[in-house]
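Chemist: Please read through the structure below; I'll follow up with questions.
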Amino acid sequence: MASSSSSGLTFKLHPLVIVNISDHYTRVKSQTNPPPLTSTSATVNGVEHQQQAPRVYGCVIGVQRGRTVEIFNNFELLYDPSTHSLDRPFLEKKQELYKKVFPHFYILGWYSTGSDAQESDMHIHKALMDINESPLYVLLNPTINPAQKDLPVTIYESELHVIDGIPQLIFVRSSYTIETVEAERISVDHVAHLKPSDGGSAATQLAAHLTGIHSAIKMLNSRIRVLHHYLVGMQKGDIPCENSLLRQVSSLLRRLPAIESEKFQDDFLMEYNDTLLITYLAMFTNCSSTMNELVDKFNTAYDRHSRRGGRTAFI
Amino acid sequence: MDSAVAQKTWELENNILAAEAPDPSSDSIFYYDEVAQAKFLKDKPWANDPHFFKRVKISALALLKMVVHARSGGTIEVMGLMQGKTDGDAIIVMDAFALPVEGTETRVNAQADAYEYMVDYSQTNKQAGRLENVVGWYHSHPGYGCWLSGIDVSTQMLNQQFQEPFLAVVIDPTRTVSAGKVDIGAFRTYPEGYKPPDDHTSEYQTIPLNKIEDFGVHCKQYYALNITYFKSSLDSHLLDLLWNKYWVNTLSSSPLLGNGDYVAGQISDLAEKLEQAENQLIHSRIGPLGTSRKKEESQLAKITRDSSKITVEQVHGLMSQVLKNILFNSVGQPKRNEQPVSDPMIEA
């Protein structure tokens with residue numbers, strides 16, 4: 001899947017941004033539609049489900065290195081409905097605050113919720129152009145659709161197109177990938193599956209770890225099956241041959257085996273041996289500790305009457 | 001799907017309080033009731049009972065922000081504030097934000113530097129629709145566990161005098177990455193001179209040798225609160241969908257490579273502790289069965305527990321590596337069936 005946009009930039013989105021936007025939206029929504037105050041019985045009142053979902057606005061910040069744009073974080077902004085623009089001094093103040101804590105990040109664009117990009121959005125987009133020549137517009141669709149398979153997040157860029165002889169800015173969809181650091185992945189995993197936070201027994205830890213890997217491998221398996229199915233169909237002639245896709249699949253397959261060199265095997269075996277060594281040491285420690293306890297108990301049970309003063313070192 | 005059944009049995013066995021299926025009505029936790037909060041603040045039911053707050057509920061967003069911030073500090077301690085509200089005997093943390101102070105363990109009250117930042121941030125937040133007040137602070141202990149050091153205890157005691165209700169949260173980002181689960185603890189201190197009613201056993205964790213004194217001196221002055229997490233229905237929906245893109249990262253994570261330094265540090269620390277334990281054993285004398293002998297034994301037992309913990313984490317990391325090797329490197333065979341790769345997993 002070629003992830004390129006028309007301007008040639010690749011976008012990477014962190015899950016923190018997605019959760020942040022979702023939280024902002026939920027907050028504003030629950031503040032405008034207060035929940036019923038009855039705590040005893042849940043009286044479902046059809047009146048509560050008001051359809052007007054408030055739109056929330058905010059700013060996304062991150063880093064741009066070369067052709068890669070990485071969106072790390074975001075914060076809320078105020079929207080002035082009278083002028084159809086974002087509150088500028090507020091934005092600047094917030095930017096200052098965030099600069100102090102994250103000095104490397106700068107404003108990459110803005111975000112909003114809704115199902116589609118609208119005309120008024122272009123207005124806001126243009127206003128931001130003096131901070132960043134080519135801002136991004138991240139749109140999150142907050143309607144929960146259980147049949148949905150894809151993330152309802154789209155990133156738009158603006159492009160100058162000549163329409164009817166007038167150069168105009170229009171929104172162009174871009175594709176993006178999800179990027180994460182290890183710690184972020186673990187906490188997202190943690191919250192998504194609500195795993196127990198304390199250790200539990202070694203068995204539960206093992207189970208948790210393996211379950212995670214198992215689900216990932218299942219996904220890999222299902223994707224490969226889809227490809228396989230597609231290729232078989234193409235071979236039979238049900239699906240028209242598409243050479244570019246075939247090329248991509250072939251290049252993917254040629255990437256296996258991932259690494260096949262002497263050095264890798266050596267390093268891998270060394271790491272394997274290191275782990276075995278650690279296990280061995282731990283076993284040693286465990287055994288010596290058990291033996292120590294055993295001897296102590298033995299001494300307690302049998303040597304009580306013959307105190308000789310001073311202990312003979314039995315280690 | 002077998003995995004769903006397996007997950008349910010596992011959850012049952014471990015008494016996991018399954019999140020009530022997130023429906024829109026459970027999002028009511030996000031609603032900030034100013035009147036009720038003001039009343040609670042006036043009543044101050046915690047003033048009479050030092051053990052009043054027993055639970056902490058942390059939102060998905062707050063957890064994510066805190067862990068990312070803590071990790072970004074690397075080996076330097078970082079700190080920040082948490083915003084939220086109270087709900088009976090629970091403190092609810094809705095959001096967190098970082099403070100621009102580099103903390104070292106010797107700074108008594110790092111917050112003094114950050115007051116202006118805090119005020120500015122709270123003001124802008126209130127304007128942007130986040131109405132909650134600051135309800136606690138968090139900081140990180142990279143690599144040495146979740147507990148309150150002497151400085152932390154005095155800071156928190158001060159906070160609990162003047163800024164009630166206030167909560168202290170500690171996160172260890174290094175252990176989080178190494179163990180594959182979030183290492184976090186929430187604490188409140190007892191007021192000066194208060195003796196806790198019983199010697200409750202807190203969850204055991206290994207403390208490096210150079211910090212163990214600090215830990216031991218103060219560990220009775222505070223208690224840990226139970227942490228649960230919550231997320232909104234939209235959050236759950238998004239996180240579920242996120243998994244479609246995320247599985248790649250899960251499979252490609254290599255904890256062994258990332259944590260080599262930490263593991264080496266742990267092992268050398270363990271070696272020192274072992275030497276200490278050995279010295280104690282050699283120099284003690286046979287005496288009446290007293291506390292001294294018990295302490296040595298329990299020290300060796302502790303060391304054993306630590307060593308098994310390190311080993312388990314290491315083995316898990318190696319398992320991932322071996323799996324990846326099988327998946328992606330063993331392609332020499334003529335017939336590559338997909339079945340054998342996933343079947344052993346299902347049987348296990």
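Chain identifiers are assigned as A, B, and so on, following the order in which chains appear in the structure tokens; residues are numbered from 1 within each chain, and ligands are numbered from 1 in order of appearance.
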Looking only at helix (DSSP H, G or I) from DSSP on the backbone, list the matching residues of range 150-232 of chain A as a PyMOL selection string.

Modeler: chain A and resi 182-193+202-232

Chemist: Given the selection you just returned, output its residues as a file containing N, CA and C atoms, formatted as a CSV table (one decimal), in the first residue's frame.

Modeler:
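To be explicit, this is the file written out as part20.csv:
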chain,number,residue,atom,x,y,z
A,182,GLU,N,7.3,2.2,22.3
A,182,GLU,CA,7.0,1.0,23.1
A,182,GLU,C,6.1,1.3,24.3
A,183,ALA,N,6.4,2.4,25.0
A,183,ALA,CA,5.6,2.7,26.2
A,183,ALA,C,4.2,3.0,25.9
A,184,GLU,N,4.0,3.7,24.8
A,184,GLU,CA,2.7,4.1,24.3
A,184,GLU,C,1.9,2.9,24.0
A,185,ARG,N,2.6,2.0,23.3
A,185,ARG,CA,1.9,0.8,22.8
A,185,ARG,C,1.4,0.0,24.0
A,186,ILE,N,2.3,-0.1,25.0
A,186,ILE,CA,1.9,-0.9,26.2
A,186,ILE,C,0.7,-0.3,26.9
A,187,SER,N,0.7,1.0,27.1
A,187,SER,CA,-0.4,1.6,27.8
A,187,SER,C,-1.7,1.6,27.0
A,188,VAL,N,-1.6,1.7,25.7
A,188,VAL,CA,-2.8,1.6,24.9
A,188,VAL,C,-3.3,0.2,25.0
A,189,ASP,N,-2.4,-0.8,24.9
A,189,ASP,CA,-2.8,-2.2,25.0
A,189,ASP,C,-3.5,-2.4,26.4
A,190,HIS,N,-2.9,-1.8,27.4
A,190,HIS,CA,-3.4,-2.0,28.8
A,190,HIS,C,-4.8,-1.5,28.9
A,191,VAL,N,-5.0,-0.3,28.4
A,191,VAL,CA,-6.3,0.3,28.5
A,191,VAL,C,-7.3,-0.3,27.6
A,192,ALA,N,-6.9,-0.7,26.4
A,192,ALA,CA,-7.8,-1.3,25.4
A,192,ALA,C,-8.3,-2.6,25.9
A,193,HIS,N,-7.5,-3.4,26.6
A,193,HIS,CA,-7.9,-4.7,27.0
A,193,HIS,C,-8.1,-4.9,28.5
A,202,ALA,N,3.0,-15.9,37.7
A,202,ALA,CA,3.8,-16.0,36.4
A,202,ALA,C,3.0,-16.6,35.3
A,203,ALA,N,2.1,-17.4,35.6
A,203,ALA,CA,1.2,-18.0,34.6
A,203,ALA,C,0.4,-17.0,33.9
A,204,THR,N,-0.2,-16.1,34.7
A,204,THR,CA,-1.0,-15.1,34.0
A,204,THR,C,-0.2,-14.1,33.2
A,205,GLN,N,1.0,-13.8,33.7
A,205,GLN,CA,1.9,-13.0,32.9
A,205,GLN,C,2.2,-13.6,31.5
A,206,LEU,N,2.5,-14.9,31.6
A,206,LEU,CA,2.8,-15.6,30.4
A,206,LEU,C,1.6,-15.6,29.5
A,207,ALA,N,0.5,-15.9,30.1
A,207,ALA,CA,-0.7,-16.0,29.3
A,207,ALA,C,-1.0,-14.6,28.6
A,208,ALA,N,-0.8,-13.6,29.4
A,208,ALA,CA,-1.1,-12.2,28.8
A,208,ALA,C,-0.2,-11.9,27.6
A,209,HIS,N,1.1,-12.2,27.9
A,209,HIS,CA,2.1,-12.0,26.8
A,209,HIS,C,1.8,-12.8,25.6
A,210,LEU,N,1.6,-14.0,25.8
A,210,LEU,CA,1.3,-14.9,24.6
A,210,LEU,C,0.0,-14.5,23.9
A,211,THR,N,-1.0,-14.1,24.7
A,211,THR,CA,-2.2,-13.8,24.0
A,211,THR,C,-2.0,-12.6,23.1
A,212,GLY,N,-1.3,-11.6,23.6
A,212,GLY,CA,-1.0,-10.5,22.7
A,212,GLY,C,-0.3,-10.8,21.4
A,213,ILE,N,0.7,-11.6,21.6
A,213,ILE,CA,1.4,-12.0,20.3
A,213,ILE,C,0.5,-12.9,19.5
A,214,HIS,N,-0.3,-13.8,20.1
A,214,HIS,CA,-1.2,-14.6,19.3
A,214,HIS,C,-2.1,-13.8,18.5
A,215,SER,N,-2.7,-12.7,19.1
A,215,SER,CA,-3.7,-11.9,18.3
A,215,SER,C,-3.0,-11.2,17.2
A,216,ALA,N,-1.8,-10.8,17.4
A,216,ALA,CA,-1.0,-10.1,16.3
A,216,ALA,C,-0.8,-11.1,15.2
A,217,ILE,N,-0.4,-12.3,15.6
A,217,ILE,CA,-0.1,-13.3,14.5
A,217,ILE,C,-1.4,-13.7,13.8
A,218,LYS,N,-2.5,-13.8,14.5
A,218,LYS,CA,-3.7,-14.0,13.8
A,218,LYS,C,-4.1,-13.0,12.8
A,219,MET,N,-3.8,-11.7,13.1
A,219,MET,CA,-4.0,-10.7,12.2
A,219,MET,C,-3.2,-10.9,10.9
A,220,LEU,N,-1.9,-11.1,11.2
A,220,LEU,CA,-1.0,-11.4,10.1
A,220,LEU,C,-1.5,-12.5,9.2
A,221,ASN,N,-1.9,-13.6,9.8
A,221,ASN,CA,-2.4,-14.7,9.1
A,221,ASN,C,-3.6,-14.3,8.3
A,222,SER,N,-4.5,-13.6,8.8
A,222,SER,CA,-5.8,-13.3,8.1
A,222,SER,C,-5.4,-12.4,6.9
A,223,ARG,N,-4.5,-11.4,7.1
A,223,ARG,CA,-4.1,-10.6,5.9
A,223,ARG,C,-3.4,-11.4,4.8
A,224,ILE,N,-2.6,-12.4,5.3
A,224,ILE,CA,-1.9,-13.2,4.2
A,224,ILE,C,-2.9,-14.0,3.5
A,225,ARG,N,-4.0,-14.5,4.2
A,225,ARG,CA,-5.0,-15.3,3.6
A,225,ARG,C,-5.7,-14.5,2.5
A,226,VAL,N,-6.0,-13.2,2.9
A,226,VAL,CA,-6.7,-12.4,1.9
A,226,VAL,C,-5.8,-12.3,0.6
A,227,LEU,N,-4.5,-12.0,0.8
A,227,LEU,CA,-3.6,-11.9,-0.4
A,227,LEU,C,-3.6,-13.2,-1.2
A,228,HIS,N,-3.6,-14.3,-0.4
A,228,HIS,CA,-3.5,-15.6,-1.1
A,228,HIS,C,-4.8,-15.9,-1.9
A,229,HIS,N,-5.9,-15.6,-1.3
A,229,HIS,CA,-7.2,-15.7,-1.9
A,229,HIS,C,-7.2,-14.9,-3.2
A,230,TYR,N,-6.7,-13.7,-3.1
A,230,TYR,CA,-6.7,-12.8,-4.2
A,230,TYR,C,-5.9,-13.3,-5.4
A,231,LEU,N,-4.7,-13.8,-5.0
A,231,LEU,CA,-3.8,-14.4,-6.0
A,231,LEU,C,-4.4,-15.6,-6.7
A,232,VAL,N,-5.0,-16.4,-5.9
A,232,VAL,CA,-5.6,-17.6,-6.5
A,232,VAL,C,-6.7,-17.2,-7.4

Chemist: State, in Å with one decimal place, the distance from CA of Asn279 in chain B to CA of His218 in chain B.

Modeler: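 The value is 25.5 Å.
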
Chemist: DSSP on the backbone, strand (DSSP E) only: what residues of range 141-277 of chain A does that give? Format it as JSON, numbers by chain.

Modeler: {"A": [153, 154, 155, 156, 157, 158, 159, 160, 161, 162, 163, 166, 167, 168, 169, 170, 171, 172, 173, 174, 176, 177, 178]}

Chemist: Can you pull out the residues contacting Asn244 in chain B? Cut-off 9 Å, using only C-alpha atoms, and skip same-chain residues under 5 positions away; I want them as a ChimeraX atom specification.

Modeler: /A:149-151,219

Chemist: List the spatial neighbours of range 123-126 of chain A as a list in words - criterion: any atom at most 10 Å away, only C-alpha atoms, same-chain residues fewer than 4 positions off excluded.

Modeler: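 Listing them by chain and then by number gives Tyr79, Thr83, His84, Ser85, Leu86, Gly109, Trp110, Tyr111, Gln118, Glu119, Asp130, Ile131, Asn132, Glu133, Ser134, Pro135, Leu136, Tyr137, Glu157, Ser158, Leu169 and Phe171 of chain A.
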
Chemist: Atoms to include: C-alpha atoms. Write the selected residues as a PDB file, in the first residue's frame.

Modeler:
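selection.pdb written:
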ATOM      1  CA  TYR A  79     -13.813  28.451  18.272  1.00  0.00           C
ATOM      2  CA  THR A  83     -16.057  35.189  13.051  1.00  0.00           C
ATOM      3  CA  HIS A  84     -15.797  31.535  12.036  1.00  0.00           C
ATOM      4  CA  SER A  85     -12.252  31.398  13.148  1.00  0.00           C
ATOM      5  CA  LEU A  86     -10.172  30.121  15.987  1.00  0.00           C
ATOM      6  CA  GLY A 109      -2.104  21.955  11.864  1.00  0.00           C
ATOM      7  CA  TRP A 110      -5.475  21.654  13.476  1.00  0.00           C
ATOM      8  CA  TYR A 111      -8.159  19.093  14.158  1.00  0.00           C
ATOM      9  CA  GLN A 118     -16.869  21.512   5.344  1.00  0.00           C
ATOM     10  CA  GLU A 119     -16.599  24.831   3.589  1.00  0.00           C
ATOM     11  CA  ASP A 130       0.709  32.000   8.562  1.00  0.00           C
ATOM     12  CA  ILE A 131       2.000  29.713  11.300  1.00  0.00           C
ATOM     13  CA  ASN A 132       2.691  26.779   9.066  1.00  0.00           C
ATOM     14  CA  GLU A 133       2.725  27.150   5.281  1.00  0.00           C
ATOM     15  CA  SER A 134       1.040  23.859   4.772  1.00  0.00           C
ATOM     16  CA  PRO A 135      -1.062  22.952   7.775  1.00  0.00           C
ATOM     17  CA  LEU A 136      -2.786  19.622   8.221  1.00  0.00           C
ATOM     18  CA  TYR A 137      -6.399  19.082   8.978  1.00  0.00           C
ATOM     19  CA  GLU A 157      -3.840  18.582   3.184  1.00  0.00           C
ATOM     20  CA  SER A 158      -4.547  21.683   1.227  1.00  0.00           C
ATOM     21  CA  LEU A 169      -7.401  25.746  -2.124  1.00  0.00           C
ATOM     22  CA  PHE A 171      -8.741  19.641   0.745  1.00  0.00           C
TER      23      PHE A 171
END

Chemist: Between B:Leu327, B:Leu131, B:Ile151, B:Leu99, which has the minimum distance to Leu97 in chain A (counting only C-alpha atoms)?

Modeler: B:Leu99

Chemist: Work out how far CA of Val17 in chain A is from CA of Lys99 in chain A, in Å to one decimal.

Modeler: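 Straight-line distance from CA of Lys99 in chain A to CA of Val17 in chain A works out to 17.0 Å.
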
Chemist: Which one of B:Asn133, B:Ser140, B:Thr174, B:Ser232 sits closest to Ser30 in chain A if you count only C-alpha atoms?

Modeler: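 That would be B:Ser232, the residue with the smallest distance to Ser30 in chain A.
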
Chemist: I'd like the neighbourhood of Glu213 in chain B as a PyMOL selection string, where a residue qualifies if any of its atoms comes within 12 Å (using only C-alpha atoms), though same-chain residues fewer than 5 positions away should be ignored.

Modeler: chain B and resi 149-150+207-208+218-219

Chemist: Do you have the CA of Leu238 in chain B-CA of Lys57 in chain B distance handy?

Modeler: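 Atom-to-atom, CA of Leu238 in chain B and CA of Lys57 in chain B are spaced 20.3 Å apart.
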